[in-house]
file query_33.cif (mmCIF, C-alpha atoms and all ligand atoms)
data_my_file
#
loop_
_atom_site.label_atom_id
_atom_site.label_comp_id
_atom_site.auth_asym_id
_atom_site.auth_seq_id
_atom_site.Cartn_x
_atom_site.Cartn_y
_atom_site.Cartn_z
CA MET A 1 -144.89 -11.66 -38.18
CA GLY A 2 -141.72 -13.13 -39.61
CA TRP A 3 -140.49 -10.29 -41.78
CA THR A 4 -137.02 -10.49 -43.25
CA ASP A 5 -134.73 -7.44 -43.12
CA ARG A 6 -135.28 -7.01 -46.85
CA GLU A 7 -139.06 -7.03 -46.49
CA THR A 8 -138.89 -4.62 -43.55
CA VAL A 9 -136.87 -2.05 -45.49
CA ALA A 10 -138.95 -2.44 -48.67
CA LEU A 11 -142.21 -2.05 -46.75
CA ILE A 12 -141.23 1.03 -44.75
CA GLY A 13 -139.74 2.69 -47.84
CA GLY A 14 -142.69 1.82 -50.06
CA GLY A 15 -145.30 2.76 -47.46
CA HIS A 16 -143.62 6.08 -46.79
CA THR A 17 -143.23 6.84 -50.49
CA LEU A 18 -146.92 7.71 -50.44
CA GLY A 19 -148.91 9.90 -48.07
CA ARG A 20 -147.64 12.16 -45.36
CA THR A 21 -147.55 12.81 -41.65
CA HIS A 22 -150.27 15.09 -40.36
CA GLY A 23 -150.48 17.64 -37.65
CA ASN A 24 -151.63 20.77 -39.39
CA CYS A 25 -153.92 22.08 -36.70
CA ASN A 26 -151.83 24.58 -34.78
CA LEU A 27 -152.47 24.48 -31.05
CA THR A 28 -150.33 27.54 -30.29
CA GLY A 29 -152.33 29.97 -28.22
CA THR A 30 -155.13 27.50 -27.57
CA LYS A 31 -156.05 26.03 -24.22
CA TRP A 32 -154.19 22.86 -25.22
CA ALA A 33 -150.86 24.53 -26.08
CA GLN A 34 -149.11 23.40 -22.89
CA ASP A 35 -150.70 19.98 -22.66
CA PRO A 36 -151.66 18.67 -26.11
CA TYR A 37 -151.70 15.01 -25.11
CA ASN A 38 -154.68 14.43 -22.85
CA ASN A 39 -157.90 12.50 -23.10
CA ILE A 40 -160.11 15.38 -24.16
CA GLY A 41 -158.30 17.71 -26.58
CA PRO A 42 -157.76 17.50 -30.33
CA TYR A 43 -154.99 14.89 -30.23
CA PHE A 44 -157.35 12.45 -28.55
CA GLU A 45 -159.17 10.22 -30.99
CA ALA A 46 -162.87 10.40 -30.27
CA THR A 47 -166.15 9.83 -32.02
CA PRO A 48 -167.13 12.69 -34.33
CA GLY A 49 -169.76 14.85 -32.69
CA SER A 50 -168.70 13.86 -29.18
CA LEU A 51 -167.18 17.34 -28.66
CA ARG A 52 -163.98 15.59 -27.64
CA GLY A 53 -160.91 14.97 -29.74
CA PRO A 54 -160.73 16.83 -33.06
CA THR A 55 -164.35 17.88 -32.70
CA ASP A 56 -163.83 19.78 -29.47
CA GLY A 57 -163.86 23.04 -31.43
CA THR A 58 -160.13 23.83 -31.26
CA CYS A 59 -159.36 22.56 -34.76
CA GLY A 60 -162.22 23.73 -36.93
CA THR A 61 -165.91 23.30 -36.47
CA GLY A 62 -168.73 21.53 -38.28
CA THR A 63 -167.68 19.58 -41.36
CA GLU A 64 -164.23 21.23 -41.21
CA ALA A 65 -163.49 19.86 -37.74
CA GLY A 66 -160.29 17.85 -37.82
CA ARG A 67 -160.11 17.86 -41.62
CA GLY A 68 -157.81 19.43 -44.24
CA ASN A 69 -155.82 22.18 -42.54
CA ASN A 70 -157.46 21.18 -39.28
CA THR A 71 -156.19 17.62 -39.43
CA VAL A 72 -154.88 16.31 -36.15
CA SER A 73 -152.93 13.10 -36.17
CA SER A 74 -149.43 12.13 -35.14
CA GLY A 75 -148.22 15.73 -34.76
CA PHE A 76 -145.33 15.07 -37.14
CA GLU A 77 -145.38 17.31 -40.17
CA GLY A 78 -144.80 16.77 -43.86
CA PRO A 79 -144.44 14.21 -46.65
CA TRP A 80 -141.50 11.86 -47.19
CA THR A 81 -141.35 12.47 -50.92
CA ARG A 82 -141.95 15.22 -53.46
CA SER A 83 -144.96 13.49 -55.04
CA PRO A 84 -146.76 11.78 -52.13
CA SER A 85 -149.76 10.80 -54.25
CA ARG A 86 -147.66 9.28 -57.07
CA TRP A 87 -145.21 6.35 -56.83
CA ASN A 88 -141.63 7.62 -56.87
CA TYR A 89 -138.11 6.83 -55.63
CA ASP A 90 -137.42 9.78 -53.34
CA PHE A 91 -137.56 7.78 -50.11
CA PHE A 92 -134.33 5.83 -50.61
CA ASP A 93 -132.69 8.27 -53.04
CA ALA A 94 -132.92 11.13 -50.54
CA LEU A 95 -131.96 8.94 -47.59
CA MET A 96 -128.67 8.25 -49.38
CA SER A 97 -128.01 11.60 -51.05
CA GLU A 98 -128.88 13.96 -48.20
CA GLU A 99 -127.59 14.49 -44.72
CA TRP A 100 -130.55 14.27 -42.34
CA VAL A 101 -130.47 16.42 -39.22
CA PRO A 102 -132.83 16.60 -36.22
CA ALA A 103 -135.69 19.05 -36.47
CA LYS A 104 -138.96 19.75 -34.67
CA SER A 105 -142.41 19.65 -36.17
CA PRO A 106 -144.45 22.81 -35.50
CA TYR A 107 -146.06 20.82 -32.68
CA GLY A 108 -142.76 19.98 -31.05
CA ASN A 109 -142.30 16.40 -32.22
CA ASP A 110 -138.78 15.21 -33.01
CA GLN A 111 -138.38 14.55 -36.72
CA TRP A 112 -135.65 15.04 -39.36
CA HIS A 113 -135.01 17.28 -42.36
CA THR A 114 -132.20 17.85 -44.84
CA ARG A 115 -129.16 19.78 -43.60
CA ASP A 116 -129.10 21.52 -46.99
CA ARG A 117 -132.19 23.69 -46.73
CA SER A 118 -132.04 24.53 -50.44
CA SER A 119 -132.01 20.88 -51.49
CA LYS A 120 -134.74 19.62 -53.81
CA PHE A 121 -135.76 17.39 -50.90
CA ALA A 122 -135.91 20.28 -48.40
CA LYS A 123 -139.68 20.09 -48.09
CA THR A 124 -139.65 16.38 -47.30
CA MET A 125 -139.18 14.88 -43.84
CA ARG A 126 -138.11 11.67 -42.15
CA LEU A 127 -139.18 10.00 -38.94
CA THR A 128 -136.56 8.62 -36.56
CA ALA A 129 -137.58 5.11 -37.66
CA ASP A 130 -136.81 6.11 -41.28
CA VAL A 131 -133.32 7.48 -40.58
CA SER A 132 -132.56 4.45 -38.42
CA LEU A 133 -132.50 2.53 -41.71
CA ILE A 134 -129.19 4.21 -42.56
CA ALA A 135 -127.79 3.98 -39.02
CA ASP A 136 -128.01 0.19 -38.95
CA GLN A 137 -125.42 -1.52 -41.18
CA THR A 138 -127.69 -4.35 -42.32
CA TYR A 139 -130.49 -1.99 -43.26
CA LEU A 140 -128.05 0.50 -44.81
CA HIS A 141 -126.92 -2.07 -47.40
CA LEU A 142 -130.54 -2.58 -48.44
CA VAL A 143 -131.19 1.18 -48.61
CA GLU A 144 -128.11 1.52 -50.85
CA GLU A 145 -129.35 -1.30 -53.05
CA TYR A 146 -132.83 0.21 -53.45
CA ALA A 147 -131.46 3.71 -54.17
CA ALA A 148 -129.28 2.20 -56.92
CA ASP A 149 -131.81 -0.29 -58.33
CA HIS A 150 -135.36 1.04 -58.50
CA ALA A 151 -136.67 -2.01 -60.33
CA LYS A 152 -135.47 -4.23 -57.48
CA PHE A 153 -137.23 -1.96 -54.98
CA ASP A 154 -140.42 -2.16 -57.06
CA SER A 155 -140.43 -5.95 -57.11
CA ASP A 156 -139.36 -6.40 -53.48
CA PHE A 157 -142.05 -3.98 -52.35
CA ALA A 158 -144.68 -5.74 -54.47
CA ASN A 159 -143.79 -9.10 -52.90
CA ALA A 160 -143.68 -7.73 -49.35
CA TRP A 161 -146.95 -5.85 -49.85
CA PHE A 162 -148.64 -9.03 -51.08
CA LYS A 163 -147.42 -10.81 -47.96
CA LEU A 164 -148.55 -7.95 -45.73
CA VAL A 165 -152.12 -8.08 -47.00
CA HIS A 166 -152.31 -11.88 -47.04
CA ARG A 167 -150.77 -12.74 -43.70
CA SER A 168 -151.01 -11.63 -40.12
CA GLU A 169 -150.00 -12.93 -36.72
CA ASP A 170 -153.19 -14.98 -36.59
CA HIS A 171 -152.78 -16.07 -40.20
CA PRO A 172 -149.13 -17.08 -40.51
CA HIS A 173 -149.33 -18.90 -43.83
CA GLN A 174 -149.25 -17.17 -47.16
CA ASP A 175 -152.77 -18.00 -48.27
CA ASP A 176 -154.49 -18.05 -44.89
CA LEU A 177 -156.44 -14.86 -45.40
CA GLU A 178 -157.60 -15.88 -48.87
CA LYS A 179 -158.70 -19.28 -47.57
CA ASP A 180 -160.60 -17.55 -44.77
CA ALA A 181 -162.55 -15.34 -47.14
CA GLY A 182 -166.19 -15.42 -46.10
CA PHE A 183 -165.27 -17.18 -42.86
CA CYS A 184 -163.34 -14.85 -40.59
CA THR A 185 -162.51 -12.19 -43.17
CA SER A 186 -165.03 -10.71 -45.54
CA PHE A 187 -163.68 -9.71 -48.93
CA GLU A 188 -167.07 -8.55 -50.12
CA PHE A 189 -166.20 -4.96 -50.87
CA LEU A 190 -169.11 -2.60 -51.20
CA THR A 191 -169.77 -1.14 -54.61
CA ALA A 192 -169.52 2.63 -54.77
CA GLN A 193 -173.31 2.74 -55.05
CA GLN A 194 -173.87 0.60 -51.93
CA GLU A 195 -171.37 2.64 -49.98
CA PHE A 196 -173.43 5.80 -50.34
CA LEU A 197 -176.78 4.23 -49.43
CA PRO A 198 -178.15 5.60 -46.13
C1 LIG B 1 -141.05 1.52 -38.43
C2 LIG B 1 -142.25 1.39 -38.96
C3 LIG B 1 -143.19 2.56 -39.15
C4 LIG B 1 -143.37 3.67 -38.39
C5 LIG B 1 -142.68 4.08 -37.09
C6 LIG B 1 -144.40 4.47 -39.04
C7 LIG B 1 -144.89 5.69 -38.58
C8 LIG B 1 -145.79 6.48 -39.24
C9 LIG B 1 -146.30 7.75 -38.78
C10 LIG B 1 -145.96 8.42 -37.44
C11 LIG B 1 -147.12 8.23 -39.73
C12 LIG B 1 -147.87 9.56 -39.71
C13 LIG B 1 -149.32 9.38 -39.31
C14 LIG B 1 -150.05 10.70 -39.36
O1 LIG B 1 -149.49 11.74 -38.99
O2 LIG B 1 -151.22 10.70 -39.79
C15 LIG B 1 -147.16 7.28 -40.80
C16 LIG B 1 -147.88 7.43 -41.95
C17 LIG B 1 -147.94 6.50 -42.96
N1 LIG B 1 -147.38 5.25 -42.97
FE1 LIG B 1 -146.06 4.56 -41.60
N2 LIG B 1 -144.80 3.81 -40.18
C18 LIG B 1 -144.10 2.64 -40.28
C19 LIG B 1 -144.22 1.69 -41.27
C20 LIG B 1 -145.10 1.75 -42.33
C21 LIG B 1 -145.34 0.68 -43.27
C22 LIG B 1 -144.69 -0.70 -43.20
C23 LIG B 1 -146.24 1.14 -44.16
C24 LIG B 1 -146.88 0.45 -45.35
C25 LIG B 1 -146.36 -0.57 -46.00
C26 LIG B 1 -146.55 2.51 -43.81
C27 LIG B 1 -147.38 3.33 -44.51
C28 LIG B 1 -147.73 4.62 -44.13
C29 LIG B 1 -148.51 5.54 -44.96
C30 LIG B 1 -149.06 5.27 -46.36
C31 LIG B 1 -148.64 6.72 -44.21
C32 LIG B 1 -149.33 8.00 -44.65
C33 LIG B 1 -150.78 8.02 -44.24
C34 LIG B 1 -151.45 9.30 -44.67
O3 LIG B 1 -151.04 9.92 -45.67
O4 LIG B 1 -152.40 9.72 -43.98
N3 LIG B 1 -145.85 2.84 -42.68
N4 LIG B 1 -146.33 6.22 -40.49
#

call {"tool": "encode", "arguments": {"input": "query_33.cif", "output": "C-alpha cells", "more": "lines below"}}
Ligand code: HEM
result
Amino acid sequence: MGWTDRETVALIGGGHTLGRTHGNCNLTGTKWAQDPYNNIGPYFEATPGSLRGPTDGTCGTGTEAGRGNNTVSSGFEGPWTRSPSRWNYDFFDALMSEEWVPAKSPYGNDQWHTRDRSSKFAKTMRLTADVSLIADQTYLHLVEEYAADHAKFDSDFANAWFKLVHRSEDHPHQDDLEKDAGFCTSFEFLTAQQEFLP
C-alpha cells in the first residue's frame, strides 16, 4: 500500500493507543483447554446462534455469549495504554521508558509486559509487532521522536490516518475512495434512527 516508515510507526502507535486486545473468556478446565484453535470452539469465528464459535456455550450463553467478560478474540490480553478510550501518549512513552520482557497471556499467547511490575505501565501490554518497533534501528528513531514530540505524533498520525481511510490497494491515489463514493463505495451512513429500524 506504499506506506513510509514514518506512516507505519505513526499508524501502529496511534491505532494501539486506543482499544485493547481481547481474550477474556477463560478456557481452562473446558473441553477446549488443550485445543483452543479448531473450527468449532470459541476461538472460531462463526455466525451468532450457530452454536459454533463464541456461541457454542463455553463462553457465556444467550446475549452474554462471547461478550464482555466472555469476549473471545485474539487471545492476547490487555490494553496498550492506561486510558484506552481516550487519546494519550503512553504507547511511545512507555516503549521508550520501560524495559519490555516476554510474557504469556492467560491463554498462552506470547506477548510482552514491563520488567518493572510496579511501574505505572505495569497493567499495559505490547504485542511482538509493537516491541519490534524498538528493535529495528529505523523504527526506533521514529519511536524516539514521537515519545519526545507528541505534537509531531499527533500530526503524523492524522495524516497517515487520512491516507489509510482514503486509499487502499485497489485505490492507490489519495482521492480515489472519495471519487468512488456512490460508485464502488457507499458513504451513505445510516442515521441512528435508521440503524435501529427492524
Ligand atoms: C503490525 C501491525 C499490527 C498488528 C500485528 C496488530 C495486531 C492487533 C491485535 C492482535 C489486536 C487485538 C485484537 C483482539 O484481541 O481483539 C489489535 C487490536 C487493535 N488494533 Fe492492531 N495491529 C496492527 C496495526 C494496527 C493499525 C495500523 C491500527 C490502526 C491504525 C490498529 C488498530 C487497532 C485497534 C484500535 C485495536 C483494538 C480493537 C479493540 O479494542 O477491540 N492496529 N491489533

call {"tool": "closest_residue", "arguments": {"input": "query_33.cif", "among": "A:Val131, A:Met125, A:Ala158, A:Ile12", "to": "ligand LIG 1 (chain B)", "atoms": "only C-alpha atoms and all ligand atoms"}}
result
A:Ile12

call {"tool": "atom_distance", "arguments": {"input": "query_33.cif", "atom1": "atom CA of Phe91 of chain A", "atom2": "atom CA of His166 of chain A"}}
result
24.8 Å

call {"tool": "closest_atom_pairs", "arguments": {"input": "query_33.cif", "of": "chain A", "to": "ligand LIG 1 (chain B)", "cutoff": "8 Å", "atoms": "only C-alpha atoms and all ligand atoms", "output": "Markdown table"}}
result
| residue | atom | partner | partner_atom | distance |
| --- | --- | --- | --- | --- |
| A:Thr8 | CA | B:LIG1 | C22 | 7.0 |
| A:Leu11 | CA | B:LIG1 | C25 | 4.5 |
| A:Ile12 | CA | B:LIG1 | C22 | 4.2 |
| A:Gly13 | CA | B:LIG1 | C21 | 7.5 |
| A:Gly14 | CA | B:LIG1 | C25 | 6.0 |
| A:Gly15 | CA | B:LIG1 | C24 | 3.5 |
| A:His16 | CA | B:LIG1 | C28 | 5.1 |
| A:Thr17 | CA | B:LIG1 | C30 | 7.3 |
| A:Leu18 | CA | B:LIG1 | C30 | 5.2 |
| A:Gly19 | CA | B:LIG1 | O3 | 3.2 |
| A:Arg20 | CA | B:LIG1 | O3 | 4.1 |
| A:Thr21 | CA | B:LIG1 | O1 | 3.5 |
| A:His22 | CA | B:LIG1 | O1 | 3.7 |
| A:Gly23 | CA | B:LIG1 | O1 | 6.1 |
| A:Val72 | CA | B:LIG1 | O1 | 7.6 |
| A:Ser73 | CA | B:LIG1 | O1 | 4.7 |
| A:Ser74 | CA | B:LIG1 | O1 | 3.9 |
| A:Gly75 | CA | B:LIG1 | O1 | 6.0 |
| A:Phe76 | CA | B:LIG1 | O1 | 5.6 |
| A:Glu77 | CA | B:LIG1 | O1 | 7.0 |
| A:Pro79 | CA | B:LIG1 | O3 | 7.9 |
| A:Pro84 | CA | B:LIG1 | O3 | 8.0 |
| A:Leu127 | CA | B:LIG1 | C10 | 7.1 |
| A:Thr128 | CA | B:LIG1 | C5 | 7.6 |
| A:Ala129 | CA | B:LIG1 | C1 | 5.1 |
| A:Asp130 | CA | B:LIG1 | C1 | 6.9 |
| A:Trp161 | CA | B:LIG1 | C25 | 6.6 |
| A:Leu164 | CA | B:LIG1 | C25 | 7.7 |

call {"tool": "write_last_selection", "arguments": {"input": "query_33.cif", "atoms": "C-alpha atoms", "output": "PDB file, keeping the file's coordinate frame"}}
result
ATOM      1  CA  THR A   8    -138.890  -4.620 -43.550  1.00  0.00           C
ATOM      2  CA  LEU A  11    -142.210  -2.050 -46.750  1.00  0.00           C
ATOM      3  CA  ILE A  12    -141.230   1.030 -44.750  1.00  0.00           C
ATOM      4  CA  GLY A  13    -139.740   2.690 -47.840  1.00  0.00           C
ATOM      5  CA  GLY A  14    -142.690   1.820 -50.060  1.00  0.00           C
ATOM      6  CA  GLY A  15    -145.300   2.760 -47.460  1.00  0.00           C
ATOM      7  CA  HIS A  16    -143.620   6.080 -46.790  1.00  0.00           C
ATOM      8  CA  THR A  17    -143.230   6.840 -50.490  1.00  0.00           C
ATOM      9  CA  LEU A  18    -146.920   7.710 -50.440  1.00  0.00           C
ATOM     10  CA  GLY A  19    -148.910   9.900 -48.070  1.00  0.00           C
ATOM     11  CA  ARG A  20    -147.640  12.160 -45.360  1.00  0.00           C
ATOM     12  CA  THR A  21    -147.550  12.810 -41.650  1.00  0.00           C
ATOM     13  CA  HIS A  22    -150.270  15.090 -40.360  1.00  0.00           C
ATOM     14  CA  GLY A  23    -150.480  17.640 -37.650  1.00  0.00           C
ATOM     15  CA  VAL A  72    -154.880  16.310 -36.150  1.00  0.00           C
ATOM     16  CA  SER A  73    -152.930  13.100 -36.170  1.00  0.00           C
ATOM     17  CA  SER A  74    -149.430  12.130 -35.140  1.00  0.00           C
ATOM     18  CA  GLY A  75    -148.220  15.730 -34.760  1.00  0.00           C
ATOM     19  CA  PHE A  76    -145.330  15.070 -37.140  1.00  0.00           C
ATOM     20  CA  GLU A  77    -145.380  17.310 -40.170  1.00  0.00           C
ATOM     21  CA  PRO A  79    -144.440  14.210 -46.650  1.00  0.00           C
ATOM     22  CA  PRO A  84    -146.760  11.780 -52.130  1.00  0.00           C
ATOM     23  CA  LEU A 127    -139.180  10.000 -38.940  1.00  0.00           C
ATOM     24  CA  THR A 128    -136.560   8.620 -36.560  1.00  0.00           C
ATOM     25  CA  ALA A 129    -137.580   5.110 -37.660  1.00  0.00           C
ATOM     26  CA  ASP A 130    -136.810   6.110 -41.280  1.00  0.00           C
ATOM     27  CA  TRP A 161    -146.950  -5.850 -49.850  1.00  0.00           C
ATOM     28  CA  LEU A 164    -148.550  -7.950 -45.730  1.00  0.00           C
TER      29      LEU A 164
END

call {"tool": "residues_around", "arguments": {"input": "query_33.cif", "residues": "segment 100-105 of chain A", "least_positions_apart": "6", "cutoff": "6 Å", "atoms": "only C-alpha atoms", "output": "list in words"}}
result
Phe76, Glu77, Gln111, Trp112, His113, Thr114 and Arg115 of chain A

call {"tool": "atom_distance", "arguments": {"input": "query_33.cif", "atom1": "atom CA of Lys31 of chain A", "atom2": "atom CA of Thr63 of chain A"}}
result
21.7 Å

call {"tool": "closest_residue", "arguments": {"input": "query_33.cif", "among": "A:Arg52, A:Arg6, A:Arg82, A:Arg67", "to": "Lys123 of chain A", "atoms": "all atoms listed in the file"}}
result
A:Arg82

call {"tool": "atom_distance", "arguments": {"input": "query_33.cif", "atom1": "atom CA of Asn39 of chain A", "atom2": "atom CA of Thr58 of chain A"}}
result
14.1 Å

call {"tool": "closest_residue", "arguments": {"input": "query_33.cif", "among": "A:Phe92, A:Phe162, A:Trp80, A:Trp32", "to": "Tyr139 of chain A", "atoms": "all atoms listed in the file"}}
result
A:Phe92

call {"tool": "closest_residue", "arguments": {"input": "query_33.cif", "among": "A:Pro36, A:Gly108, A:Gly2, A:Gly41", "to": "Gly57 of chain A", "atoms": "only C-alpha atoms"}}
result
A:Gly41

call {"tool": "closest_residue", "arguments": {"input": "query_33.cif", "among": "A:Glu45, A:Asn38, A:Phe121, A:Tyr89", "to": "Phe157 of chain A", "atoms": "all atoms listed in the file"}}
result
A:Tyr89

call {"tool": "axis_aligned_box", "arguments": {"input": "query_33.cif", "around": "segment 12-18 of chain A", "padding_each_side": "6 Å", "output": "AutoDock Vina command-line options"}}
result
--center_x -143.3 --center_y 4.4 --center_z -47.6 --size_x 19.2 --size_y 18.7 --size_z 17.7

call {"tool": "decode", "arguments": {"input": "query_33.cif", "residues": "segment 49-59 of chain A", "atoms": "all heavy atoms", "output": "JSON list (two decimals), in the first residue's frame"}}
result
[["chain", "number", "residue", "atom", "x", "y", "z"],
["A", 49, "GLY", "N", -25.61, -17.68, 17.08],
["A", 49, "GLY", "CA", -26.75, -18.59, 17.05],
["A", 49, "GLY", "C", -26.44, -19.91, 16.37],
["A", 49, "GLY", "O", -27.25, -20.84, 16.39],
["A", 50, "SER", "N", -25.25, -20.03, 15.76],
["A", 50, "SER", "CA", -24.92, -21.26, 15.04],
["A", 50, "SER", "C", -24.47, -22.37, 15.99],
["A", 50, "SER", "O", -24.24, -23.49, 15.56],
["A", 50, "SER", "CB", -23.81, -20.99, 14.02],
["A", 50, "SER", "OG", -22.63, -20.63, 14.72],
["A", 51, "LEU", "N", -24.33, -22.02, 17.27],
["A", 51, "LEU", "CA", -23.81, -22.95, 18.29],
["A", 51, "LEU", "C", -22.37, -23.35, 18.02],
["A", 51, "LEU", "O", -21.88, -24.32, 18.58],
["A", 51, "LEU", "CB", -24.71, -24.19, 18.42],
["A", 51, "LEU", "CG", -26.17, -23.88, 18.76],
["A", 51, "LEU", "CD1", -26.98, -25.17, 18.92],
["A", 51, "LEU", "CD2", -26.28, -23.04, 20.03],
["A", 52, "ARG", "N", -21.72, -22.61, 17.16],
["A", 52, "ARG", "CA", -20.27, -22.79, 16.97],
["A", 52, "ARG", "C", -19.61, -21.48, 17.38],
["A", 52, "ARG", "O", -20.28, -20.50, 17.67],
["A", 52, "ARG", "CB", -19.97, -23.09, 15.50],
["A", 52, "ARG", "CG", -20.61, -24.39, 15.03],
["A", 52, "ARG", "CD", -20.51, -24.53, 13.54],
["A", 52, "ARG", "NE", -19.21, -24.99, 13.10],
["A", 52, "ARG", "CZ", -18.71, -24.75, 11.88],
["A", 52, "ARG", "NH1", -19.37, -24.01, 11.01],
["A", 52, "ARG", "NH2", -17.55, -25.23, 11.54],
["A", 53, "GLY", "N", -18.30, -21.49, 17.43],
["A", 53, "GLY", "CA", -17.60, -20.26, 17.79],
["A", 53, "GLY", "C", -18.02, -19.79, 19.18],
["A", 53, "GLY", "O", -18.37, -20.61, 20.04],
["A", 54, "PRO", "N", -18.00, -18.48, 19.42],
["A", 54, "PRO", "CA", -18.30, -17.97, 20.75],
["A", 54, "PRO", "C", -19.69, -18.33, 21.26],
["A", 54, "PRO", "O", -19.97, -18.17, 22.43],
["A", 54, "PRO", "CB", -18.16, -16.45, 20.58],
["A", 54, "PRO", "CG", -17.32, -16.29, 19.37],
["A", 54, "PRO", "CD", -17.62, -17.45, 18.47],
["A", 55, "THR", "N", -20.55, -18.79, 20.38],
["A", 55, "THR", "CA", -21.90, -19.15, 20.86],
["A", 55, "THR", "C", -22.04, -20.65, 21.09],
["A", 55, "THR", "O", -23.15, -21.18, 21.15],
["A", 55, "THR", "CB", -22.98, -18.69, 19.85],
["A", 55, "THR", "OG1", -22.72, -19.32, 18.58],
["A", 55, "THR", "CG2", -22.98, -17.19, 19.68],
["A", 56, "ASP", "N", -20.92, -21.34, 21.26],
["A", 56, "ASP", "CA", -21.04, -22.79, 21.47],
["A", 56, "ASP", "C", -21.36, -23.13, 22.93],
["A", 56, "ASP", "O", -21.50, -24.29, 23.28],
["A", 56, "ASP", "CB", -19.77, -23.53, 21.02],
["A", 56, "ASP", "CG", -18.66, -23.49, 22.06],
["A", 56, "ASP", "OD1", -18.63, -22.53, 22.86],
["A", 56, "ASP", "OD2", -17.84, -24.41, 22.07],
["A", 57, "GLY", "N", -21.48, -22.08, 23.77],
["A", 57, "GLY", "CA", -21.87, -22.32, 25.16],
["A", 57, "GLY", "C", -20.72, -22.29, 26.14],
["A", 57, "GLY", "O", -20.92, -22.21, 27.35],
["A", 58, "THR", "N", -19.48, -22.33, 25.64],
["A", 58, "THR", "CA", -18.32, -22.34, 26.55],
["A", 58, "THR", "C", -18.10, -20.97, 27.18],
["A", 58, "THR", "O", -17.69, -20.87, 28.33],
["A", 58, "THR", "CB", -17.04, -22.74, 25.79],
["A", 58, "THR", "OG1", -17.31, -23.89, 24.99],
["A", 58, "THR", "CG2", -15.90, -23.04, 26.74],
["A", 59, "CYS", "N", -18.35, -19.92, 26.40],
["A", 59, "CYS", "CA", -18.06, -18.56, 26.86],
["A", 59, "CYS", "C", -19.35, -17.76, 26.98],
["A", 59, "CYS", "O", -19.62, -16.86, 26.20],
["A", 59, "CYS", "CB", -17.10, -17.89, 25.90],
["A", 59, "CYS", "SG", -15.53, -18.76, 25.79]]
